[in-house]
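S.K.: mmCIF, C-alpha atoms and all ligand atoms, saved as query-v5.cif, coming up:
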```
data_start
#
loop_
_atom_site.label_atom_id
_atom_site.label_comp_id
_atom_site.auth_asym_id
_atom_site.auth_seq_id
_atom_site.Cartn_x
_atom_site.Cartn_y
_atom_site.Cartn_z
CA MET A 1 17.15 11.37 3.21
CA LYS A 2 15.23 13.63 5.59
CA LYS A 3 12.55 14.25 2.99
CA LEU A 4 12.23 10.52 2.24
CA LEU A 5 11.83 9.66 5.91
CA ALA A 6 9.23 12.35 6.37
CA LEU A 7 7.27 11.02 3.39
CA VAL A 8 7.40 7.46 4.70
CA ALA A 9 6.33 8.67 8.12
CA LEU A 10 3.35 10.47 6.64
CA ALA A 11 2.39 7.49 4.53
CA LEU A 12 2.39 5.24 7.58
CA MET A 13 0.56 7.62 9.84
CA THR A 14 -2.83 6.57 11.20
CA GLN A 15 -3.28 7.03 14.90
CA PRO A 16 -0.84 7.83 17.65
CA ALA A 17 0.51 5.02 19.82
CA HIS A 18 1.72 5.24 23.36
CA ALA A 19 4.30 2.58 24.04
CA GLU A 20 3.48 2.54 27.76
CA ASP A 21 -0.12 1.59 26.90
CA ALA A 22 0.83 -1.34 24.67
CA PRO A 23 -1.10 -4.48 25.56
CA LYS A 24 0.77 -7.19 27.34
CA TRP A 25 -0.86 -9.77 25.13
CA SER A 26 -3.04 -9.96 22.05
CA LEU A 27 -4.90 -12.62 20.11
CA ALA A 28 -6.64 -12.73 16.73
CA ILE A 29 -8.64 -15.62 15.26
CA HIS A 30 -10.39 -16.37 11.98
CA GLY A 31 -12.92 -18.95 10.86
CA GLY A 32 -12.58 -18.32 7.13
CA ALA A 33 -13.10 -15.51 4.64
CA GLY A 34 -15.32 -15.47 1.60
CA THR A 35 -18.21 -14.12 -0.41
CA LEU A 36 -20.62 -13.89 2.48
CA ASP A 37 -24.06 -12.53 1.72
CA PRO A 38 -25.68 -10.51 4.55
CA ALA A 39 -29.11 -11.50 3.15
CA GLN A 40 -28.33 -15.18 3.75
CA MET A 41 -27.18 -14.56 7.30
CA THR A 42 -30.17 -15.28 9.53
CA PRO A 43 -29.99 -14.07 13.14
CA GLU A 44 -29.77 -17.71 14.26
CA LYS A 45 -26.87 -18.44 11.92
CA ARG A 46 -25.03 -15.31 12.99
CA ALA A 47 -25.55 -16.14 16.66
CA ALA A 48 -24.17 -19.66 16.15
CA TYR A 49 -21.02 -18.42 14.37
CA GLU A 50 -20.47 -15.62 16.86
CA ALA A 51 -20.89 -17.99 19.80
CA ASP A 52 -18.24 -20.39 18.51
CA LEU A 53 -15.86 -17.57 17.59
CA GLN A 54 -16.33 -16.07 21.05
CA ARG A 55 -15.67 -19.44 22.72
CA ALA A 56 -12.44 -19.78 20.73
CA LEU A 57 -11.42 -16.20 21.55
CA ASP A 58 -12.19 -16.67 25.24
CA ALA A 59 -10.23 -19.93 25.46
CA GLY A 60 -7.12 -18.30 23.98
CA SER A 61 -7.54 -15.02 25.89
CA LYS A 62 -7.81 -16.78 29.24
CA ILE A 63 -4.45 -18.46 28.70
CA LEU A 64 -2.79 -15.21 27.64
CA ALA A 65 -4.36 -13.15 30.44
CA GLU A 66 -3.07 -15.66 32.99
CA GLY A 67 0.45 -15.35 31.60
CA GLY A 68 0.35 -18.50 29.46
CA ALA A 69 2.21 -19.07 26.22
CA ALA A 70 1.11 -17.80 22.80
CA MET A 71 1.56 -21.35 21.49
CA ASP A 72 -0.93 -22.75 24.04
CA ALA A 73 -3.39 -19.94 23.37
CA ILE A 74 -3.54 -20.51 19.62
CA LYS A 75 -3.94 -24.26 20.03
CA ALA A 76 -6.80 -23.79 22.51
CA ALA A 77 -8.59 -21.41 20.12
CA ILE A 78 -8.06 -23.57 17.03
CA ILE A 79 -9.21 -26.80 18.72
CA ILE A 80 -12.57 -25.18 19.50
CA MET A 81 -13.03 -24.21 15.84
CA GLU A 82 -11.84 -27.63 14.62
CA ASP A 83 -14.45 -29.26 16.88
CA SER A 84 -17.24 -26.97 15.63
CA PRO A 85 -19.13 -28.28 12.56
CA LEU A 86 -19.53 -24.68 11.34
CA PHE A 87 -15.98 -24.30 10.08
CA ASN A 88 -14.03 -26.05 7.35
CA ALA A 89 -11.52 -27.72 9.66
CA GLY A 90 -11.69 -30.92 11.70
CA LYS A 91 -15.40 -31.76 12.09
CA GLY A 92 -17.26 -30.03 9.25
CA ALA A 93 -14.36 -30.17 6.80
CA VAL A 94 -15.26 -30.06 3.11
CA PHE A 95 -15.33 -33.23 1.01
CA THR A 96 -12.80 -34.22 -1.60
CA TRP A 97 -13.92 -35.35 -5.06
CA ASP A 98 -13.70 -38.93 -3.78
CA GLY A 99 -16.03 -38.23 -0.86
CA THR A 100 -13.42 -38.18 1.89
CA ASN A 101 -12.38 -35.42 4.33
CA GLU A 102 -8.65 -34.71 4.09
CA LEU A 103 -7.21 -32.34 6.63
CA ASP A 104 -4.26 -29.96 6.50
CA ALA A 105 -2.72 -27.89 9.32
CA SER A 106 0.41 -26.01 10.29
CA ILE A 107 1.82 -24.27 13.33
CA MET A 108 4.85 -22.06 13.99
CA ASP A 109 6.58 -20.72 17.09
CA GLY A 110 7.95 -17.18 16.69
CA ARG A 111 10.63 -17.70 19.36
CA ASP A 112 12.78 -20.09 17.34
CA ARG A 113 10.79 -20.39 14.11
CA SER A 114 10.23 -24.08 14.81
CA ALA A 115 7.36 -25.30 12.66
CA GLY A 116 5.22 -28.36 12.06
CA ALA A 117 2.69 -29.22 9.35
CA ILE A 118 0.56 -32.11 8.13
CA ALA A 119 -1.40 -32.58 4.90
CA GLY A 120 -4.05 -35.00 3.64
CA VAL A 121 -4.75 -36.62 7.00
CA LYS A 122 -8.09 -38.47 7.40
CA THR A 123 -8.22 -39.84 10.95
CA VAL A 124 -6.89 -37.17 13.31
CA LYS A 125 -9.57 -35.29 15.25
CA ASN A 126 -7.45 -32.17 15.87
CA PRO A 127 -4.97 -31.73 13.02
CA ILE A 128 -3.39 -28.70 14.73
CA LEU A 129 -2.20 -30.96 17.56
CA LEU A 130 -0.60 -33.37 15.10
CA ALA A 131 1.11 -30.45 13.33
CA ASP A 132 2.44 -29.35 16.71
CA THR A 133 3.66 -32.86 17.46
CA VAL A 134 5.57 -32.84 14.16
CA ARG A 135 7.11 -29.56 15.35
CA THR A 136 8.07 -30.78 18.81
CA GLN A 137 8.65 -34.53 18.41
CA SER A 138 10.17 -35.00 14.97
CA GLU A 139 13.10 -33.62 13.08
CA HIS A 140 10.82 -32.70 10.18
CA VAL A 141 8.56 -29.80 9.34
CA MET A 142 5.91 -31.44 7.17
CA LEU A 143 4.42 -34.94 6.97
CA MET A 144 1.68 -36.03 4.60
CA GLY A 145 -0.98 -38.68 4.07
CA ALA A 146 -0.45 -42.23 5.30
CA GLY A 147 2.98 -41.37 6.68
CA ALA A 148 1.56 -38.58 8.82
CA GLU A 149 -1.11 -40.95 10.12
CA ALA A 150 1.48 -43.61 10.98
CA PHE A 151 3.42 -40.89 12.86
CA ALA A 152 0.20 -39.94 14.69
CA VAL A 153 -0.38 -43.53 15.82
CA GLU A 154 3.22 -43.79 16.98
CA LYS A 155 2.77 -40.63 19.03
CA GLY A 156 -0.40 -41.92 20.70
CA PHE A 157 -3.12 -40.13 18.71
CA ALA A 158 -6.38 -42.12 18.70
CA ALA A 159 -7.66 -42.91 15.20
CA THR A 160 -10.91 -41.00 14.68
CA PRO A 161 -13.49 -42.70 12.42
CA PRO A 162 -13.85 -40.80 9.11
CA GLU A 163 -17.63 -40.40 9.70
CA TYR A 164 -16.85 -38.03 12.57
CA PHE A 165 -15.71 -35.31 10.15
CA ALA A 166 -18.65 -35.58 7.71
CA THR A 167 -21.57 -33.17 7.90
CA PRO A 168 -24.71 -33.14 5.68
CA ALA A 169 -24.09 -29.54 4.51
CA ARG A 170 -20.59 -30.35 3.25
CA ARG A 171 -21.78 -33.55 1.56
CA GLU A 172 -24.55 -31.59 -0.17
CA ALA A 173 -21.93 -29.07 -1.39
CA LEU A 174 -19.92 -31.86 -3.03
CA GLU A 175 -23.03 -33.36 -4.63
CA ARG A 176 -24.02 -29.94 -6.00
CA LEU A 177 -20.50 -29.31 -7.30
CA LYS A 178 -20.60 -32.60 -9.21
CA ALA A 179 -24.21 -32.37 -10.42
CA GLU A 180 -23.94 -28.79 -11.64
CA LYS A 181 -20.31 -29.07 -12.77
CA LEU A 182 -19.36 -26.16 -10.52
CA SER A 183 -15.94 -25.15 -9.29
CA ALA A 184 -15.16 -25.22 -5.58
CA LEU A 185 -15.49 -21.44 -5.53
CA HIS A 186 -19.16 -21.67 -6.46
CA VAL A 187 -20.02 -23.97 -3.59
CA ASP A 188 -17.45 -22.75 -1.04
CA HIS A 189 -18.71 -19.21 -0.74
CA LYS A 190 -16.58 -18.96 2.31
CA PHE A 191 -13.35 -20.85 2.63
CA GLY A 192 -13.90 -21.69 6.29
CA THR A 193 -10.28 -22.40 7.15
CA VAL A 194 -9.57 -21.59 10.80
CA GLY A 195 -6.54 -19.95 12.37
CA ALA A 196 -5.17 -18.07 15.34
CA VAL A 197 -2.21 -15.82 16.09
CA ALA A 198 -1.06 -14.61 19.50
CA LEU A 199 1.44 -12.46 21.36
CA ASP A 200 1.99 -13.49 24.98
CA GLN A 201 3.17 -11.52 27.98
CA SER A 202 6.74 -12.72 27.45
CA GLY A 203 6.76 -11.19 23.99
CA ASN A 204 6.56 -14.51 22.18
CA MET A 205 4.32 -15.02 19.17
CA ALA A 206 2.78 -18.08 17.53
CA ALA A 207 0.57 -18.81 14.53
CA GLY A 208 -1.53 -21.79 13.46
CA THR A 209 -3.92 -22.68 10.64
CA SER A 210 -6.18 -25.69 10.02
CA THR A 211 -8.44 -26.58 7.09
CA GLY A 212 -10.23 -29.20 5.02
CA GLY A 213 -9.12 -27.38 1.86
CA MET A 214 -11.57 -26.89 -1.01
CA THR A 215 -14.69 -28.88 -1.89
CA GLY A 216 -14.08 -31.43 -4.64
CA LYS A 217 -10.28 -31.24 -4.39
CA ARG A 218 -8.55 -33.96 -6.38
CA TRP A 219 -5.19 -35.45 -7.13
CA GLY A 220 -3.84 -34.82 -3.65
CA ARG A 221 -4.37 -31.08 -3.99
CA VAL A 222 -2.90 -29.15 -1.04
CA GLY A 223 -3.59 -25.46 -0.37
CA ASP A 224 -1.73 -22.82 1.58
CA ALA A 225 -2.89 -23.73 5.10
CA PRO A 226 -0.23 -26.37 5.83
CA LEU A 227 2.54 -24.50 4.01
CA ILE A 228 4.83 -22.52 6.28
CA GLY A 229 5.28 -19.12 4.69
CA ALA A 230 2.03 -19.25 2.71
CA GLY A 231 -0.76 -19.90 5.23
CA THR A 232 1.18 -19.61 8.48
CA TYR A 233 4.26 -17.77 9.71
CA ALA A 234 5.59 -16.52 13.05
CA ASP A 235 8.77 -14.65 13.87
CA ASN A 236 9.21 -12.78 17.15
CA ARG A 237 11.11 -10.08 15.27
CA ALA A 238 8.12 -9.15 13.12
CA CYS A 239 4.70 -10.78 13.49
CA ALA A 240 2.55 -13.90 13.50
CA VAL A 241 0.20 -14.47 10.55
CA SER A 242 -2.54 -16.96 9.64
CA ALA A 243 -4.32 -16.88 6.28
CA THR A 244 -7.62 -18.04 4.82
CA GLY A 245 -8.62 -17.99 1.19
CA TRP A 246 -8.01 -19.41 -2.22
CA GLY A 247 -4.86 -21.32 -1.36
CA GLU A 248 -3.22 -21.39 -4.78
CA TYR A 249 -2.87 -17.58 -4.76
CA PHE A 250 -1.63 -17.45 -1.17
CA ILE A 251 1.05 -19.97 -2.10
CA ARG A 252 2.12 -17.95 -5.14
CA VAL A 253 2.44 -14.75 -3.10
CA GLY A 254 3.91 -16.49 -0.04
CA VAL A 255 1.48 -14.37 1.93
CA ALA A 256 2.32 -15.11 5.56
CA HIS A 257 6.09 -14.83 5.12
CA GLU A 258 5.75 -11.83 2.82
CA ILE A 259 3.87 -9.89 5.50
CA CYS A 260 6.40 -10.80 8.19
CA ALA A 261 9.36 -10.01 5.92
CA ARG A 262 7.98 -6.57 5.06
CA LEU A 263 7.24 -5.85 8.72
CA ARG A 264 10.74 -6.92 9.72
CA ALA A 265 12.26 -4.66 7.09
CA PHE A 266 10.04 -1.86 8.35
CA GLU A 267 11.14 -2.48 11.95
CA GLU A 268 14.79 -2.26 10.87
CA PHE A 269 14.10 0.93 8.96
CA LYS A 270 12.26 2.34 11.96
CA THR A 271 15.18 1.58 14.29
CA ILE A 272 17.55 3.51 12.03
CA ALA A 273 15.11 6.36 11.60
CA GLU A 274 14.45 6.61 15.34
CA ALA A 275 18.20 6.65 16.04
CA GLU A 276 18.45 9.60 13.71
CA GLU A 277 15.36 11.12 15.33
CA GLU A 278 13.77 11.22 11.90
CA LEU A 279 10.73 9.04 12.49
CA PRO A 280 8.70 9.53 15.66
CA VAL A 281 7.28 6.22 16.84
CA GLU A 282 3.89 7.93 17.08
CA LEU A 283 3.74 7.97 13.30
CA THR A 284 4.38 4.31 12.63
CA ASN A 285 1.35 2.63 14.09
CA GLY A 286 -0.43 2.07 10.79
CA ALA A 287 2.38 -0.02 9.30
CA PRO A 288 1.01 -3.51 10.14
CA GLN A 289 -2.41 -2.75 8.64
CA ARG A 290 -0.90 -1.07 5.58
CA ILE A 291 1.52 -3.93 4.94
CA ALA A 292 -1.18 -6.60 5.35
CA ASP A 293 -3.49 -4.65 3.03
CA ASP A 294 -0.71 -4.27 0.42
CA VAL A 295 0.01 -8.00 0.42
CA MET A 296 -3.69 -8.82 0.16
CA ALA A 297 -3.93 -6.38 -2.75
CA ASP A 298 -1.15 -8.34 -4.41
CA VAL A 299 -3.20 -11.55 -3.96
CA ALA A 300 -6.20 -9.78 -5.52
CA LYS A 301 -4.08 -8.55 -8.43
CA LEU A 302 -3.32 -12.16 -9.34
CA GLY A 303 -7.03 -13.04 -9.09
CA GLY A 304 -7.14 -14.56 -5.60
CA ASP A 305 -9.22 -13.69 -2.58
CA GLY A 306 -9.30 -14.31 1.14
CA GLY A 307 -7.88 -12.73 4.25
CA VAL A 308 -5.25 -12.71 6.98
CA ILE A 309 -4.98 -12.08 10.69
CA LEU A 310 -1.79 -10.90 12.37
CA VAL A 311 -0.37 -9.76 15.67
CA THR A 312 2.84 -7.78 16.15
CA PRO A 313 5.37 -7.39 18.99
CA GLU A 314 3.72 -4.07 19.88
CA GLY A 315 0.36 -5.79 20.34
CA HIS A 316 -1.45 -4.86 17.14
CA ALA A 317 -4.21 -7.33 16.28
CA VAL A 318 -4.93 -6.74 12.60
CA PHE A 319 -7.41 -8.13 10.05
CA SER A 320 -7.13 -7.68 6.30
CA PHE A 321 -9.39 -9.31 3.71
CA ASN A 322 -10.50 -8.65 0.16
CA THR A 323 -13.76 -10.60 0.46
CA THR A 324 -17.13 -9.36 1.71
CA GLY A 325 -16.55 -10.99 5.04
CA MET A 326 -14.25 -12.95 7.27
CA TYR A 327 -15.34 -14.77 10.42
CA ARG A 328 -12.99 -13.24 12.93
CA GLY A 329 -12.27 -12.08 16.45
CA ARG A 330 -9.62 -10.32 18.48
CA ALA A 331 -8.85 -9.66 22.11
CA THR A 332 -6.06 -7.78 23.85
CA SER A 333 -4.97 -7.00 27.39
CA ALA A 334 -6.00 -3.40 26.68
CA GLY A 335 -9.64 -4.49 26.80
CA VAL A 336 -10.42 -5.17 23.13
CA ASN A 337 -12.74 -8.17 22.82
CA GLU A 338 -14.86 -8.50 19.70
CA VAL A 339 -16.03 -10.90 17.03
CA ALA A 340 -17.18 -9.83 13.58
CA ILE A 341 -18.31 -11.34 10.29
CA PHE A 342 -18.83 -8.75 7.54
CA GLY A 343 -16.47 -5.95 6.54
CA GLY A 344 -16.36 -2.84 8.72
CA GLU A 345 -18.01 -4.37 11.78
CA GLU A 346 -15.06 -3.76 14.12
CA LYS A 347 -15.74 -1.53 17.06
CA ALA A 348 -12.19 -1.36 18.36
CA SER A 349 -9.05 -0.03 16.74
CA ALA A 350 -6.26 -2.38 15.69
CA THR A 351 -3.74 -0.10 17.33
CA PRO A 352 -2.41 -1.11 20.74
CA ASP A 353 -3.36 2.11 22.49
CA HIS A 354 -7.08 1.40 22.18
N1 LIG B 401 -6.94 -21.80 2.20
C1 LIG B 401 -7.26 -23.15 2.26
C2 LIG B 401 -7.03 -23.85 1.00
O1 LIG B 401 -6.94 -23.23 -0.06
O2 LIG B 401 -6.96 -25.05 1.03
#
```
Let's see the structure in the file written out as structure tokens.
Ligand code: GLY
M.R.:
Amino acid sequence: MKKLLALVALALMTQPAHAEDAPKWSLAIHGGAGTLDPAQMTPEKRAAYEADLQRALDAGSKILAEGGAAMDAIKAAIIIMEDSPLFNAGKGAVFTWDGTNELDASIMDGRDRSAGAIAGVKTVKNPILLADTVRTQSEHVMLMGAGAEAFAVEKGFAATPPEYFATPARREALERLKAEKLSALHVDHKFGTVGAVALDQSGNMAAGTSTGGMTGKRWGRVGDAPLIGAGTYADNRACAVSATGWGEYFIRVGVAHEICARLRAFEEFKTIAEAEEELPVELTNGAPQRIADDVMADVAKLGGDGGVILVTPEGHAVFSFNTTGMYRGRATSAGVNEVAIFGGEEKASATPDH
């Protein structure tokens, strides 16, 4: 047993943590992962993406820094990305085969694992708010299509004209997909789904994800973003996760729940090991990154790609993606505040003591 614990400890070792330095809050956001080409990224384009990511990060951070709830922080961050035409969520969502924009979103509260989700909605400006209303004002978890829109009207959501969501770039992508008989992957070089995860000063976590799905989607196709356990999961005992990528693979792996389940099992293992003084806490800090990377490797093994963001009760704010880039950002009460696009651009460490 001793030898096994020592091996596990070594395998998980990255950098030492100091519990007393753990951030009081942390936040991570994403605006989609994908095959991003640095050569195509003009300084103007980069500045525009970074500015919107930073605005989203700042909106969520402000709430957390002032002692607000993780749930409010993720909604504030996601609304900014839904309102930006740069991301595939809300305004700027991709087009379906039929030339419409159909929106999916989900949200989960780590305190009680209450969850809400909507799929295939065409007239709600901020789908994340409707998902949250399903969570708080219905006895259901997921509503779809016309029914979800009727629920929205009943709950006082204004009907947004469909033209609001349409952008020329997304329409051109659909036209190219049809003209050149391409798959969505050829025109959606980045998936563009948005999401946020947060830990607040009370130790509560929340996760949310919002998307237009994939260009040219047909037959009522729904990806991972509105599926609790695939695109979104939050559990105060383990972590909060939001995913972006090729939804079919994230559904098959059950990515968001899989990461939380492995982290919860690790936490239980750690508690036993610490009681036996076999596993110094200093050696366990790499577990969230390792677990997220392992689950993303599993997605890749099946042929899928994309990425995840997660926060943990200790304040880790972790990214993991198997694409060339992921629009992303993170901020913590320990002073981390950064946005990044391509792989390896992070300046800060994911560990809470930095
Ligand atoms: N990850 C978004 C989708 O596949 O629809």
S.K.: In terms of the shortest atom-to-atom distance over all atoms listed in the file, which of A:Ile251, A:Ala65, A:Ala28, A:Val121 is closest to ligand LIG 401 (chain B)?
M.R.: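 With all atoms listed in the file as the atom set, the closest residue is A:Ile251.
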S.K.: Dump the neighbourhood of ligand LIG 401 (chain B) as a list in words: all residues within 7 Å, distances computed on all atoms listed in the file.
M.R.: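 Going residue by residue within 7 Å of ligand LIG 401 (chain B), we get Phe191, Thr193, Thr211, Gly212, Gly213, Met214, Val222, Gly223, Asp224, Ala225, Ala243, Thr244, Gly245, Trp246, Gly247 and Glu248 of chain A.
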S.K.: From the set A:Thr123, A:Ser26, A:Ser84, A:Thr35, which residue has the shortest atom-to-atom contact distance to Asp52 of chain A, counting only C-alpha atoms?
M.R.: A:Ser84
S.K.: What is the distance between atom CA of Gly203 of chain A and atom CA of Phe319 of chain A, in Å to one decimal?
M.R.: 20.1 Å
S.K.: So that I can see what lies close to Leu310 of chain A, please list as a list of chain:residue names the residues with an atom at most 7 Å from it, counting only C-alpha atoms and leaving out residues fewer than 4 positions away in the same chain.
M.R.: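 Neighbouring residues, sequence-local ones excluded: A:Ala28, A:Val197, A:Cys239, A:Ala240, A:Val241, A:Ser242, A:Ala317, A:Val318, A:Phe319.
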S.K.: Near Arg221 of chain A, within 10 Å and counting all atoms listed in the file, which residues show up once chain neighbours fewer than 3 positions away are dropped, as a VMD selection string?
M.R.: chain A and resid 96 102 119 to 120 213 to 214 216 to 218 248
S.K.: In Å, with one decimal, what is the gap from atom CA of Val295 of chain A to atom CA of Trp219 of chain A?
M.R.: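 Computing it gives 28.9 Å between the two atoms.
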S.K.: Counting all atoms listed in the file, which of A:Thr332, A:Pro168, A:Ser114, A:Leu27 gets nearest to Glu139 of chain A?
M.R.: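 For Glu139 of chain A, the nearest of the candidates is A:Ser114.
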S.K.: Counting all atoms listed in the file, which of A:Ile118, A:Ala77, A:Ala47, A:Val299 gets nearest to Asp132 of chain A?
M.R.: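 Looking at the shortest contact to Asp132 of chain A, the residue is A:Ile118.
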